[in-house]
Amino acid sequence: MLKKSLKYLLIKNGLYRPDVAVDFRGLTDDPLDAMERAGVNSCLIEASLDLCRSFGPLGFGCTSGSLNPFVQSLLELRDGQHSGNQKSALQKYYDSFQPKNVAEVFGFEDPVQASLALPPNTYAYPWEGYPKKGLLKKRMKRYKRNSISDTLLNDQHFGPQSERNIAQHLNRLTFLRDRFSSNPYESRDYLHDEIIAQLFVHDGRYAFRIRNGHHRVAALSALGYERVEVRIDRDNVYRRDDLNNWEGVVKGKFTEEQALEIFDQIFIGETHPFARRMKEEDQIRQFPESRP
């Protein structure tokens with residue numbers, strides 16, 4: 001929040017000009033059409049929550065019927081389903097999903113490649129390649145120094161997480177929910193920081209992987225929103241048919257089969273092995289599997 005407040009002050013005093021996306025809300029729902037018309041600029045469109053994916057490799061949905069622990073925790077609070085010593089959906093999730101290596105982050109059983117046997121917070125997606133060696137070493141050092149995940153150092157998409165971190169997540173979620181319930185969300189009013197998504201494309205269909213704004217998306221979902229405003233750009237479009245050009249595949253960090261499995265888990269939504277176990281064990285409310 002401090003960083004955002006500083007950015008807001010710089011904008012207000014004319015010392016910083018944000019990269020404003022071209023606004024296509026109400027003009028087109030087709031993200032590829034919007035990007036074509038935006039040229040080299042980023043674009044702002046409305047995306048259906050049915051097509052949005054959260055929690056990184058897990059590919060959780062973002063609707064009220066999804067497995068998304070952020071959304072489910074807010075719904076529990078709304079319905080008075082947890083208080084005191086009773087664990088929230090988010091606490092249960094972090095207690096249950098604690099991958100030991102990159103392979104387990106993606107739902108693979110045996111880490112054949114050396115890159116998949118590394119600590120979980122070193123993971124990268126096959127279409128993005130892998131971190132540079134220096135950055136990878138830095139991440140590994142931080143991992144060794146912090147046996148318990150810290151949201152500033154590790155990934156919020158998996159555990160273990162300290163009670164303090166979980167409380168911070170829940171406090172932020174409730175703050176945003178309360179804020180948007182009295183002041184309808186408008187991305188251009190939110191310190192010029194839009195919800196940012198990657199666009200996944202396959203066979204004429206789309207999915208939006210949320211990169212920045214997971215808490216905002218969850219708060220809006222819990223309030224009954226069916227669509228959210230997302231910012232996308234041409235550097236964050238990934239087509240399943242481009243598999244052979246993905247850096248992680250080209251460099252042998254992932255096999256083609258592994259890369260496609262990771263893509264499909266996010267694109268389809270909630271087909272990651274851990275998500276399937278959540279449904280089977282009924283850790284979070286059951287719902288019909290969604291297809292984009």
# chains A, B, ... in the order shown; residues from 1 in each chain; ligands from 1
>>> residues_around(residues="Phe267 of chain A", least_positions_apart="5", cutoff="8 Å", atoms="only C-alpha atoms", output="tab-separated table (two decimals) with N, CA and C atoms, in the first residue's frame")
chain	number	residue	atom	x	y	z
A	53	ARG	N	-8.95	-17.01	-14.01
A	53	ARG	CA	-8.27	-18.04	-13.23
A	53	ARG	C	-7.34	-17.37	-12.22
A	59	GLY	N	-4.93	-22.76	-11.04
A	59	GLY	CA	-5.99	-22.44	-11.97
A	59	GLY	C	-7.37	-22.40	-11.34
A	200	PHE	N	-4.94	-16.50	-22.26
A	200	PHE	CA	-4.69	-17.82	-22.81
A	200	PHE	C	-5.67	-18.05	-23.96
A	206	TYR	N	-11.04	-18.34	-24.82
A	206	TYR	CA	-10.12	-17.57	-23.99
A	206	TYR	C	-10.20	-17.97	-22.52
A	207	ALA	N	-9.12	-17.68	-21.81
A	207	ALA	CA	-9.09	-17.72	-20.35
A	207	ALA	C	-8.15	-16.62	-19.90
A	208	PHE	N	-8.45	-16.02	-18.76
A	208	PHE	CA	-7.65	-14.92	-18.23
A	208	PHE	C	-6.98	-15.36	-16.93
A	292	PRO	N	-14.41	-23.27	-20.23
A	292	PRO	CA	-14.50	-22.01	-20.95
A	292	PRO	C	-15.05	-22.22	-22.36
>>> select_by_dssp(residues="segment 21-210 of chain A", states="alpha helix (DSSP H)", output="ChimeraX atom specification")
/A:31-38,69-79,89-96,102-106,133-145,163-182
>>> closest_residue(among="A:Gly213, A:Pro273, A:Pro99, A:Gly26", to="Leu173 of chain A", atoms="only C-alpha atoms")
A:Gly213
>>> residues_around(residues="Trp246 of chain A", least_positions_apart="4", cutoff="9 Å", atoms="only C-alpha atoms", output="list of chain:residue names")
A:Pro126, A:Trp127, A:Glu128, A:Gly129, A:Tyr238, A:Asp242, A:Val250, A:Lys251, A:Ala259
>>> closest_residue(among="A:Leu44, A:Leu27, A:Ile262, A:Ala117", to="Asp193 of chain A", atoms="only C-alpha atoms")
A:Leu44
>>> atom_distance(atom1="atom CA of His272 of chain A", atom2="atom CA of Leu220 of chain A")
24.3 Å
>>> atom_distance(atom1="atom CA of Lys87 of chain A", atom2="atom CA of Arg164 of chain A")
13.9 Å
>>> closest_residue(among="A:Thr255, A:Asp233, A:Phe274, A:Leu118", to="Gly39 of chain A", atoms="only C-alpha atoms")
A:Asp233
>>> atom_distance(atom1="atom CA of Leu90 of chain A", atom2="atom CA of Val102 of chain A")
21.3 Å
